[in-house]
$ cat input03.cif   # mmCIF, C-alpha atoms
data_model
#
loop_
_atom_site.label_atom_id
_atom_site.label_comp_id
_atom_site.auth_asym_id
_atom_site.auth_seq_id
_atom_site.Cartn_x
_atom_site.Cartn_y
_atom_site.Cartn_z
CA MET A 1 0.00 0.00 0.00
CA LYS A 2 1.34 3.42 -0.96
CA MET A 3 0.39 6.67 0.67
CA ASP A 4 -0.89 9.58 -1.39
CA ASN A 5 1.57 12.08 -2.80
CA TYR A 6 2.55 15.05 -0.65
CA TYR A 7 2.79 18.74 -1.44
CA TYR A 8 6.55 19.29 -1.14
CA HIS A 9 7.53 16.28 -3.28
CA PHE A 10 9.15 18.70 -5.74
CA LEU A 11 11.82 19.48 -3.12
CA GLU A 12 13.30 16.00 -3.56
CA GLN A 13 15.34 17.17 -6.57
CA MET A 14 16.94 19.86 -4.40
CA ASN A 15 17.19 18.28 -0.95
CA LYS A 16 15.56 14.91 -0.26
CA GLU A 17 15.91 15.12 3.51
CA LEU A 18 14.19 18.52 3.52
CA ALA A 19 11.39 17.15 1.36
CA PHE A 20 10.82 14.11 3.58
CA VAL A 21 10.68 16.18 6.77
CA ALA A 22 8.13 18.45 5.05
CA ARG A 23 6.11 15.34 4.20
CA GLU A 24 6.00 14.29 7.85
CA LEU A 25 5.00 17.81 8.90
CA GLU A 26 2.09 17.60 6.46
CA ASN A 27 1.11 14.19 7.89
CA SER A 28 1.09 15.58 11.43
CA ILE A 29 -1.07 18.70 10.92
CA PHE A 30 -4.36 16.95 11.66
CA ALA A 31 -2.91 14.04 13.63
CA SER A 32 -1.06 16.20 16.18
CA PRO A 33 -0.95 20.00 15.80
CA ARG A 34 1.53 20.20 18.69
CA THR A 35 3.96 17.86 16.92
CA MET A 36 3.66 19.81 13.69
CA LEU A 37 4.30 23.15 15.41
CA THR A 38 7.30 21.87 17.37
CA HIS A 39 9.02 20.26 14.41
CA ALA A 40 8.19 23.06 11.96
CA ARG A 41 10.47 25.23 14.09
CA VAL A 42 13.30 22.68 13.66
CA PHE A 43 12.54 22.50 9.93
CA VAL A 44 12.89 26.22 9.28
CA GLU A 45 15.96 26.45 11.52
CA THR A 46 17.65 23.86 9.31
CA ILE A 47 16.76 25.92 6.22
CA LEU A 48 18.48 28.90 7.83
CA GLN A 49 21.53 26.75 8.58
CA LEU A 50 21.66 25.82 4.88
CA VAL A 51 21.37 29.48 3.89
CA MET A 52 24.10 30.60 6.30
CA LYS A 53 26.35 27.85 4.98
CA GLU A 54 25.61 28.94 1.39
CA GLU A 55 26.34 32.59 2.21
CA GLU A 56 29.45 31.63 4.24
CA LEU A 57 28.13 33.38 7.34
CA PRO A 58 29.39 32.38 10.82
CA SER A 59 27.05 29.59 11.95
CA LYS A 60 27.74 27.91 15.27
CA ILE A 61 25.63 24.95 16.34
CA SER A 62 24.80 26.82 19.54
CA LEU A 63 23.06 29.66 17.68
CA THR A 64 19.35 29.91 18.51
CA LEU A 65 16.68 30.30 15.86
CA ILE A 66 16.06 33.94 16.76
CA GLU A 67 19.80 34.65 16.47
CA ARG A 68 19.85 33.11 13.00
CA ILE A 69 16.82 35.16 11.98
CA ASP A 70 18.44 38.37 13.28
CA THR A 71 21.74 37.62 11.54
CA LEU A 72 20.11 37.07 8.15
CA ASN A 73 17.80 40.05 8.62
CA ASP A 74 20.62 42.39 9.67
CA ASN A 75 22.65 41.37 6.62
CA GLY A 76 19.76 41.89 4.22
CA TYR A 77 19.24 38.26 3.17
CA ILE A 78 15.53 38.03 4.03
CA THR A 79 12.50 40.18 3.28
CA ILE A 80 10.04 41.49 5.84
CA GLU A 81 7.52 38.84 4.73
CA VAL A 82 10.04 36.02 5.27
CA ARG A 83 11.18 37.48 8.59
CA ASP A 84 7.61 37.64 9.87
CA ALA A 85 6.93 34.09 8.68
CA LEU A 86 10.05 32.85 10.49
CA HIS A 87 8.99 34.54 13.72
CA SER A 88 5.49 33.09 13.37
CA VAL A 89 6.86 29.54 13.08
CA ARG A 90 9.33 30.22 15.90
CA MET A 91 6.77 31.56 18.37
CA LEU A 92 4.16 28.89 17.65
CA GLY A 93 6.87 26.24 17.95
CA ASN A 94 8.03 27.62 21.29
CA GLN A 95 4.49 27.57 22.62
CA ALA A 96 3.94 24.00 21.47
CA ALA A 97 7.20 22.88 23.11
CA HIS A 98 6.39 24.37 26.52
CA ASP A 99 2.65 25.04 26.86
CA THR A 100 0.36 22.18 27.99
CA ARG A 101 -2.78 23.64 26.43
CA LYS A 102 -4.58 21.98 23.53
CA PHE A 103 -3.34 23.30 20.19
CA ARG A 104 -5.79 23.87 17.34
CA TYR A 105 -5.69 22.73 13.73
CA SER A 106 -5.92 26.39 12.75
CA GLU A 107 -2.59 27.09 14.50
CA ALA A 108 -0.92 24.22 12.66
CA LEU A 109 -2.35 25.56 9.39
CA GLN A 110 -1.04 29.05 10.26
CA SER A 111 2.43 27.57 10.71
CA TRP A 112 2.03 25.57 7.49
CA GLU A 113 1.30 28.78 5.56
CA ALA A 114 4.33 30.47 7.12
CA VAL A 115 6.48 27.46 6.17
CA TYR A 116 5.31 27.91 2.59
CA VAL A 117 6.58 31.52 2.54
CA ILE A 118 9.96 30.39 3.93
CA VAL A 119 10.41 27.41 1.62
CA ARG A 120 9.37 29.42 -1.44
CA TRP A 121 11.95 32.09 -0.57
CA TYR A 122 14.64 29.46 -0.03
CA VAL A 123 13.95 27.60 -3.29
CA GLU A 124 13.56 30.73 -5.42
CA THR A 125 16.77 32.20 -3.99
CA TYR A 126 18.99 29.13 -3.79
CA GLY A 127 17.30 26.55 -6.00
CA PRO A 128 17.35 25.95 -9.77
CA ILE A 129 16.82 29.15 -11.76
CA GLU A 130 14.32 27.51 -14.12
CA PHE A 131 12.14 26.12 -11.30
CA ILE A 132 8.63 27.61 -10.94
CA PHE A 133 7.39 27.31 -7.37
CA PRO A 134 3.78 26.02 -7.18
CA GLU A 135 0.92 27.90 -5.55
CA TYR A 136 0.12 27.39 -1.88
CA GLN A 137 -2.08 24.40 -1.12
CA ASP A 138 -3.94 23.56 2.08
CA PRO A 139 -3.25 20.02 3.30
CA ALA A 140 -6.13 17.59 3.15
CA ALA A 141 -7.28 15.60 6.18
CA LYS A 142 -6.56 11.95 5.38
CA GLY A 143 -9.17 10.30 7.53
CA GLN A 144 -8.13 6.80 8.56
CA GLU A 145 -4.59 7.30 7.27
CA PHE A 146 -3.42 9.32 10.28
CA TYR A 147 -0.16 8.29 11.87
CA ASP A 148 -0.08 7.83 15.63
CA ILE A 149 1.62 10.75 17.38
CA SER A 150 4.49 8.60 18.68
CA GLU A 151 5.12 7.16 15.23
CA ILE A 152 5.28 10.65 13.71
CA GLU A 153 7.85 11.59 16.35
CA ILE A 154 9.97 8.56 15.43
CA ARG A 155 9.85 9.37 11.71
CA LEU A 156 10.54 13.07 12.22
CA GLY A 157 13.38 12.35 14.64
CA ALA A 158 15.12 10.04 12.19
CA LEU A 159 14.71 12.46 9.29
CA GLU A 160 15.87 15.45 11.31
CA GLN A 161 19.05 13.54 12.16
CA LEU A 162 19.67 13.05 8.45
CA LEU A 163 18.85 16.68 7.76
CA ASN A 164 21.32 17.84 10.41
CA ALA A 165 23.95 15.57 8.91
CA SER A 166 23.30 17.08 5.47
CA VAL A 167 24.30 20.55 6.72
CA GLY A 168 27.42 19.26 8.42
CA LYS A 169 26.08 19.05 11.95
CA HIS A 170 27.71 16.13 13.76
CA ASP A 171 25.33 13.57 15.25
CA LYS A 172 26.78 10.71 17.28
CA ASN A 173 23.73 8.60 16.50
CA LEU A 174 24.46 8.71 12.79
CA GLU A 175 28.21 8.29 12.71
CA SER A 176 28.39 5.45 10.17
CA ASP A 177 27.25 5.43 6.56
CA GLU A 178 25.44 2.18 7.32
CA LYS A 179 23.30 3.84 9.99
CA LYS A 180 22.53 6.77 7.70
CA LYS A 181 21.47 4.36 4.96
CA SER A 182 19.24 2.46 7.40
CA VAL A 183 17.45 5.61 8.53
CA ALA A 184 17.13 6.86 4.95
CA GLU A 185 15.57 3.62 3.75
CA GLU A 186 13.18 3.60 6.70
CA THR A 187 11.81 7.08 6.12
CA SER A 188 12.32 7.82 2.41
CA ASP A 189 9.20 5.94 1.28
CA PRO A 190 5.84 7.21 2.50
CA LEU A 191 4.96 4.08 4.47
CA PRO A 192 1.35 3.49 5.54
CA PRO A 193 0.57 4.41 9.15
CA GLY A 194 1.93 1.89 11.62
CA PHE A 195 4.71 0.49 9.42
CA THR A 196 7.62 2.53 10.79
CA THR A 197 10.15 0.30 12.58
CA ILE A 198 9.91 0.78 16.35
CA ARG A 199 12.57 -1.75 17.41
CA LYS A 200 14.52 -4.79 16.25
CA LEU A 201 14.70 -8.34 17.57
CA VAL A 202 17.90 -10.28 17.04
CA TYR A 203 18.85 -13.93 17.31
CA LYS A 204 22.50 -14.72 16.66
CA LYS A 205 23.18 -12.98 13.32
CA MET A 206 19.53 -12.60 12.28
CA GLU A 207 17.34 -9.51 12.70
CA LEU A 208 13.61 -8.85 12.70
CA GLU A 209 12.16 -5.35 12.34
CA ILE A 210 9.09 -4.71 14.49
CA PRO A 211 6.67 -2.22 12.93
CA TYR A 212 5.06 0.40 15.14
CA PHE A 213 1.57 -1.10 14.98
CA LEU A 214 2.89 -4.36 16.50
CA ARG A 215 4.75 -2.74 19.40
CA ASP A 216 2.29 -4.13 21.98
CA ALA A 217 0.66 -6.87 19.90
CA PHE A 218 -0.70 -9.86 21.79
CA LEU A 219 1.32 -12.98 20.93
CA LEU A 220 -1.51 -15.45 20.68
CA PRO A 221 0.17 -18.85 21.20
CA GLN A 222 -2.15 -20.56 18.68
CA ARG A 223 -0.62 -18.41 15.93
CA PHE A 224 2.73 -20.14 16.56
CA GLU A 225 2.18 -23.78 15.67
CA ARG A 226 5.65 -25.05 16.63
CA SER A 227 6.15 -22.67 19.56
CA GLU A 228 2.68 -22.76 21.11
CA MET A 229 3.62 -24.47 24.39
CA PHE A 230 6.88 -22.51 24.60
CA LEU A 231 4.94 -19.23 24.40
CA ILE A 232 2.37 -20.44 26.95
CA ARG A 233 5.15 -21.26 29.40
CA LEU A 234 6.94 -17.98 28.74
CA GLY A 235 3.65 -16.09 29.15
CA ALA A 236 3.18 -17.66 32.57
CA GLU A 237 6.54 -16.10 33.52
CA GLN A 238 5.49 -12.73 32.02
CA GLN A 239 8.17 -13.04 29.32
CA ALA A 240 6.22 -13.18 26.04
CA ARG A 241 2.56 -12.30 26.42
CA ILE A 242 2.93 -9.23 24.21
CA MET A 243 5.57 -8.15 21.69
CA SER A 244 7.02 -5.48 23.98
CA GLU A 245 7.81 -8.11 26.63
CA LEU A 246 10.21 -9.89 24.31
CA PRO A 247 13.86 -8.95 24.88
CA ASN A 248 15.72 -7.39 21.98
CA ASN A 249 17.99 -10.44 21.91
CA LEU A 250 16.17 -13.79 22.02
CA GLU A 251 19.28 -15.73 22.95
CA GLY A 252 18.80 -17.07 26.45
CA LEU A 253 15.01 -16.65 26.44
CA SER A 254 14.57 -20.39 27.04
CA THR A 255 16.33 -20.14 30.41
CA HIS A 256 13.18 -18.59 31.90
CA VAL A 257 11.29 -21.91 31.64
CA LYS A 258 12.25 -25.52 32.29
CA ARG A 259 12.80 -28.15 29.59
CA TYR A 260 13.27 -25.68 26.74
CA LYS A 261 16.51 -25.04 24.90
CA ALA A 262 18.20 -22.80 22.32
CA LYS A 263 16.50 -24.70 19.48
CA ASN A 264 13.14 -23.45 20.77
CA GLU A 265 14.44 -19.87 20.62
CA GLU A 266 15.46 -20.38 17.00
CA ILE A 267 12.07 -21.85 16.07
CA LEU A 268 10.25 -19.00 17.82
CA PHE A 269 12.36 -16.45 15.95
CA GLU A 270 11.45 -18.12 12.63
CA GLU A 271 7.75 -18.13 13.50
CA LEU A 272 7.90 -14.52 14.63
CA GLU A 273 9.14 -13.60 11.17
CA VAL A 274 6.10 -15.32 9.61
CA PHE A 275 3.78 -13.71 12.19
CA ILE A 276 5.09 -10.22 11.42
CA GLU A 277 4.69 -10.65 7.66
CA GLU A 278 1.15 -11.97 8.08
CA GLU A 279 0.27 -9.05 10.35
CA LYS A 280 1.67 -6.55 7.82
CA GLN A 281 -0.49 -8.06 5.09
CA ARG A 282 -3.54 -7.94 7.36
CA ARG A 283 -2.96 -4.30 8.25
CA GLU A 284 -2.58 -3.31 4.59
CA ILE A 285 -5.87 -5.02 3.83
CA MET A 286 -7.66 -3.24 6.68
CA LEU A 287 -6.18 0.14 5.71
CA ASP A 288 -7.32 -0.38 2.13
CA ARG A 289 -10.83 -1.37 3.25
CA PRO A 290 -11.70 0.61 6.39
CA GLY A 291 -14.95 -0.28 8.11
CA GLU A 292 -15.06 -3.85 6.79
CA LEU A 293 -15.42 -6.93 9.00
CA PHE A 294 -12.74 -9.56 8.43
CA PHE A 295 -12.02 -13.09 9.55
CA PHE A 296 -8.37 -14.19 9.51
CA PHE A 297 -7.04 -17.71 9.42
CA LYS A 298 -3.26 -17.90 9.22
CA GLU A 299 -2.29 -16.12 5.95
CA GLU A 300 -5.85 -16.14 4.55
CA TYR A 301 -8.69 -13.71 5.14
CA LEU A 302 -12.40 -13.42 4.43
CA VAL A 303 -14.40 -10.21 4.01
CA VAL A 304 -17.61 -10.77 5.97
CA THR A 305 -20.77 -9.53 4.28
CA GLU A 306 -23.85 -8.56 6.26
CA GLU A 307 -25.62 -11.65 4.91
CA LEU A 308 -22.87 -13.98 6.13
CA ALA A 309 -22.63 -12.22 9.51
CA LYS A 310 -26.33 -12.90 10.19
CA LEU A 311 -26.10 -16.66 9.58
CA ALA A 312 -26.81 -18.85 12.58
CA LEU A 313 -24.05 -21.08 13.92
CA ASN A 314 -25.94 -24.35 13.81
CA GLU A 315 -25.66 -27.84 12.36
CA ASP A 316 -28.14 -27.08 9.56
CA ILE A 317 -25.64 -24.69 7.97
CA PHE A 318 -22.23 -25.88 9.21
CA SER A 319 -21.34 -29.56 9.32
CA GLY A 320 -18.55 -31.67 10.78
CA PHE A 321 -17.96 -30.01 14.17
CA PRO A 322 -21.11 -30.16 16.34
CA SER A 323 -19.06 -30.00 19.55
CA LEU A 324 -17.56 -26.63 18.58
CA LEU A 325 -20.97 -25.23 17.62
CA LYS A 326 -22.43 -26.36 20.95
CA GLN A 327 -19.61 -24.70 22.90
CA LEU A 328 -19.98 -21.48 20.90
CA ARG A 329 -23.70 -21.30 21.68
CA LYS A 330 -22.92 -21.89 25.35
CA ASP A 331 -20.72 -18.75 25.18
CA GLN A 332 -23.62 -16.88 23.51
CA MET A 333 -22.01 -16.81 20.08
CA VAL A 334 -25.00 -17.70 17.96
CA THR A 335 -24.26 -15.95 14.63
CA VAL A 336 -21.23 -15.84 12.36
CA GLY A 337 -20.74 -12.12 13.00
CA GLN A 338 -20.08 -12.82 16.69
CA LEU A 339 -17.05 -15.00 15.98
CA PRO A 340 -13.61 -13.56 16.84
CA LYS A 341 -11.78 -11.87 13.99
CA GLU A 342 -8.77 -14.12 14.70
CA LEU A 343 -10.30 -17.55 14.15
CA VAL A 344 -7.43 -19.56 15.66
CA ILE A 345 -8.66 -18.31 19.06
CA LEU A 346 -11.36 -20.97 18.71
CA ALA A 347 -8.69 -23.59 19.37
CA LYS A 348 -9.18 -22.83 23.08
CA TYR A 349 -12.33 -24.96 23.08
CA ASP A 350 -12.26 -28.64 24.06
CA ASN A 351 -11.36 -31.06 21.28
CA VAL A 352 -10.99 -28.24 18.73
CA GLY A 353 -7.85 -28.27 16.60
CA ILE A 354 -6.57 -26.31 13.62
CA GLY A 355 -8.26 -28.77 11.27
CA THR A 356 -11.68 -27.96 12.74
CA ILE A 357 -11.07 -24.22 12.45
CA LYS A 358 -9.91 -24.62 8.86
CA SER A 359 -13.10 -26.54 8.05
CA LEU A 360 -15.23 -23.75 9.54
CA PHE A 361 -13.27 -21.14 7.59
CA GLU A 362 -13.60 -23.05 4.31
CA GLN A 363 -17.34 -23.53 4.78
CA MET A 364 -17.80 -19.80 5.41
CA LYS A 365 -15.79 -19.04 2.27
CA GLN A 366 -17.95 -21.44 0.26
CA ILE A 367 -21.17 -19.89 1.57
CA GLN A 368 -19.85 -16.43 0.73
CA THR A 369 -18.80 -17.47 -2.77
CA THR A 370 -22.13 -19.17 -3.49
CA SER A 371 -24.05 -16.15 -2.24
CA THR A 372 -21.96 -13.73 -4.33
CA THR A 373 -22.37 -15.86 -7.48
CA ALA A 374 -26.14 -16.07 -6.96
CA ALA A 375 -26.36 -12.30 -6.51
CA VAL A 376 -24.44 -11.64 -9.74
CA ASN A 377 -26.60 -14.07 -11.72
#

$ encode --input "input03.cif" --output "structure tokens"
Amino acid sequence: MKMDNYYYHFLEQMNKELAFVARELENSIFASPRTMLTHARVFVETILQLVMKEEELPSKISLTLIERIDTLNDNGYITIEVRDALHSVRMLGNQAAHDTRKFRYSEALQSWEAVYVIVRWYVETYGPIEFIFPEYQDPAAKGQEFYDISEIEIRLGALEQLLNASVGKHDKNLESDEKKKSVAEETSDPLPPGFTTIRKLVYKKMELEIPYFLRDAFLLPQRFERSEMFLIRLGAEQQARIMSELPNNLEGLSTHVKRYKAKNEEILFEELEVFIEEEKQRREIMLDRPGELFFFFKEEYLVVTEELAKLALNEDIFSGFPSLLKQLRKDQMVTVGQLPKELVILAKYDNVGIGTIKSLFEQMKQIQTTSTTAAVN
């Protein structure tokens, strides 16, 4: 799934890092006005650093934004309009960084307009002579595509490190080319919300990237066919109930429970890789089709129509597993729509295995297919 284009995409030909930070600012306007205001201040300060470098003006890292504005203003490099826009971004950013009040969308939009004035001045003064700067454009609210505030902060933080590095500002967190490449790859593509890497799990020389939306995901043991009992035992020791409980390095995880060894750690790592890929696919599907009801069984999924959701869970419609149907009714699940989205949860019932769940899933798919075909004809 690809996100929609963003307004400042044309900056990529001049400064990719600048363009990508602008993209994240646009994403944050309606998701978190405070975040947008705070980081817009950093954004324009970096532009001034680039200008001072271009004009060979003294530019210490310790210089504040207001000192940079005054220096450029006193030397005649900025117009009154640009100066006022810079101060607008600066003051709103300062308020957002220190004031606990709720910030409004209108304030973020005010800063966004001021950023436009600053970027246009920068590009028209220091960019390609033949480039025609486009007209101002209000950002559009993207509904369900909002990033979580914490995820925006992660993306902006990584990009701002790259941006600082691009103007010669030393950053100990980005000392190697390999680290710079890693951050660039992570943030250069407009990933769907939730897909930014939040942490990494390692086992020996292998790595797994954990996307933001899985940071606290419940590790349902039934999803891990070869590691089910291992996860149950670890969960009892509060070691692997949710993703965030897992240590960054899985080596030695088996020492928390008896009768498990390094081989179980390796198998769990392999199954975690499958789990993460399946969850990514599921999230892409749900982002593409918001408001839909889904059933998931391993790597497969079923879009549940209203007609299917209303079907009764009884032996007249579903055959081959009367014991499961009886237990479901006992738990007051009497229609298909009341089943859990994650169907493998049904394995908790007595004498219910993966084969039974697969049979239920296949019968629902067949009913759905037959109903759709009949409706078309």

$ residues_around --input "input03.cif" --residues "range 103-120 of chain A" --least-positions-apart "3" --cutoff "10 Å" --atoms "only C-alpha atoms" --output "compact mmCIF listing (two decimals) with C-alpha atoms, in the frame of the given file"
# COMPACT_ATOMS: atom_id res chain seq x y z
CA TYR A 8 6.55 19.29 -1.14
CA LEU A 11 11.82 19.48 -3.12
CA LEU A 18 14.19 18.52 3.52
CA ALA A 22 8.13 18.45 5.05
CA LEU A 25 5.00 17.81 8.90
CA GLU A 26 2.09 17.60 6.46
CA SER A 28 1.09 15.58 11.43
CA ILE A 29 -1.07 18.70 10.92
CA PHE A 30 -4.36 16.95 11.66
CA ALA A 31 -2.91 14.04 13.63
CA SER A 32 -1.06 16.20 16.18
CA PRO A 33 -0.95 20.00 15.80
CA ARG A 34 1.53 20.20 18.69
CA THR A 35 3.96 17.86 16.92
CA MET A 36 3.66 19.81 13.69
CA LEU A 37 4.30 23.15 15.41
CA THR A 38 7.30 21.87 17.37
CA ALA A 40 8.19 23.06 11.96
CA ARG A 41 10.47 25.23 14.09
CA PHE A 43 12.54 22.50 9.93
CA VAL A 44 12.89 26.22 9.28
CA ILE A 47 16.76 25.92 6.22
CA LEU A 48 18.48 28.90 7.83
CA ILE A 78 15.53 38.03 4.03
CA GLU A 81 7.52 38.84 4.73
CA VAL A 82 10.04 36.02 5.27
CA ARG A 83 11.18 37.48 8.59
CA ASP A 84 7.61 37.64 9.87
CA ALA A 85 6.93 34.09 8.68
CA LEU A 86 10.05 32.85 10.49
CA HIS A 87 8.99 34.54 13.72
CA SER A 88 5.49 33.09 13.37
CA VAL A 89 6.86 29.54 13.08
CA ARG A 90 9.33 30.22 15.90
CA MET A 91 6.77 31.56 18.37
CA LEU A 92 4.16 28.89 17.65
CA GLY A 93 6.87 26.24 17.95
CA GLN A 95 4.49 27.57 22.62
CA ALA A 96 3.94 24.00 21.47
CA ASP A 99 2.65 25.04 26.86
CA THR A 100 0.36 22.18 27.99
CA VAL A 123 13.95 27.60 -3.29
CA GLU A 124 13.56 30.73 -5.42
CA THR A 125 16.77 32.20 -3.99
CA TYR A 126 18.99 29.13 -3.79
CA GLY A 127 17.30 26.55 -6.00
CA ILE A 132 8.63 27.61 -10.94
CA PHE A 133 7.39 27.31 -7.37
CA PRO A 134 3.78 26.02 -7.18
CA GLU A 135 0.92 27.90 -5.55
CA TYR A 136 0.12 27.39 -1.88
CA GLN A 137 -2.08 24.40 -1.12
CA ASP A 138 -3.94 23.56 2.08
CA PRO A 139 -3.25 20.02 3.30

$ residues_near_point --input "input03.cif" --point "(7.9, -21.2, 21.0)" --cutoff "6 Å" --atoms "all atoms listed in the file" --output "list in words"
Ser227, Glu228, Phe230, Leu231, Asn264 and Leu268 of chain A

$ write_last_selection --input "input03.cif" --atoms "C-alpha atoms" --output "PDB file, in the frame of the given file"
ATOM      1  CA  SER A 227       6.150 -22.670  19.560  1.00  0.00           C
ATOM      2  CA  GLU A 228       2.680 -22.760  21.110  1.00  0.00           C
ATOM      3  CA  PHE A 230       6.880 -22.510  24.600  1.00  0.00           C
ATOM      4  CA  LEU A 231       4.940 -19.230  24.400  1.00  0.00           C
ATOM      5  CA  ASN A 264      13.140 -23.450  20.770  1.00  0.00           C
ATOM      6  CA  LEU A 268      10.250 -19.000  17.820  1.00  0.00           C
TER       7      LEU A 268
END

$ atom_distance --input "input03.cif" --atom1 "CA of Tyr203 in chain A" --atom2 "CA of Lys261 in chain A"
13.7 Å

$ residues_around --input "input03.cif" --residues "Glu225 in chain A" --least-positions-apart "3" --cutoff "10 Å" --atoms "all atoms listed in the file" --output "list in words"
Pro221, Gln222, Glu228, Met229, Leu268, Glu271 and Ile354 of chain A

$ residues_around --input "input03.cif" --residues "Glu299 in chain A" --least-positions-apart "4" --cutoff "9 Å" --atoms "all atoms listed in the file" --output "number ranges by chain"
A: 278-279, 281-282

$ closest_residue --input "input03.cif" --among "A:Thr197, A:Asn351, A:Ser244, A:Thr370" --to "Ala217 in chain A" --atoms "all atoms listed in the file"
A:Ser244

$ residues_around --input "input03.cif" --residues "Val257 in chain A" --least-positions-apart "6" --cutoff "9 Å" --atoms "only C-alpha atoms" --output "MDAnalysis selection string"
chainID A and resid 230 233:234 237

$ atom_distance --input "input03.cif" --atom1 "CA of Ala240 in chain A" --atom2 "CA of Ala347 in chain A"
19.4 Å

$ closest_residue --input "input03.cif" --among "A:Glu362, A:Glu24, A:Glu284, A:Glu153" --to "Gly320 in chain A" --atoms "all atoms listed in the file"
A:Glu362

$ resolve_selection --input "input03.cif" --expression "the PyMOL selection byres ((chain A and resi 204) around 9)" --output "list of chain:residue names"
A:Val202, A:Tyr203, A:Lys205, A:Met206, A:Glu207, A:Asn249, A:Leu250, A:Glu251

$ resolve_selection --input "input03.cif" --expression "the PyMOL selection byres ((chain A and resi 361) around 9)" --output "PyMOL selection string"
chain A and resi 295-297+302+343+356-360+362-366

$ residues_around --input "input03.cif" --residues "range 208-213 of chain A" --least-positions-apart "4" --cutoff "6 Å" --atoms "only C-alpha atoms" --output "JSON, numbers by chain"
{"A": [194, 195, 196, 197, 198, 199, 200, 201]}

$ closest_residue --input "input03.cif" --among "A:Ile154, A:Leu287, A:Val167, A:Leu220" --to "Leu50 in chain A" --atoms "all atoms listed in the file"
A:Val167

$ atom_distance --input "input03.cif" --atom1 "CA of Phe275 in chain A" --atom2 "CA of Gln368 in chain A"
26.4 Å

$ closest_residue --input "input03.cif" --among "A:Leu214, A:Ala262, A:Val334, A:Leu324" --to "Glu151 in chain A" --atoms "only C-alpha atoms"
A:Leu214

$ closest_residue --input "input03.cif" --among "A:Glu307, A:Glu292, A:Asp148, A:Asp350" --to "Lys326 in chain A" --atoms "all atoms listed in the file"
A:Asp350

$ closest_residue --input "input03.cif" --among "A:Gln332, A:Lys348, A:Ala19, A:Leu311" --to "Glu160 in chain A" --atoms "only C-alpha atoms"
A:Ala19
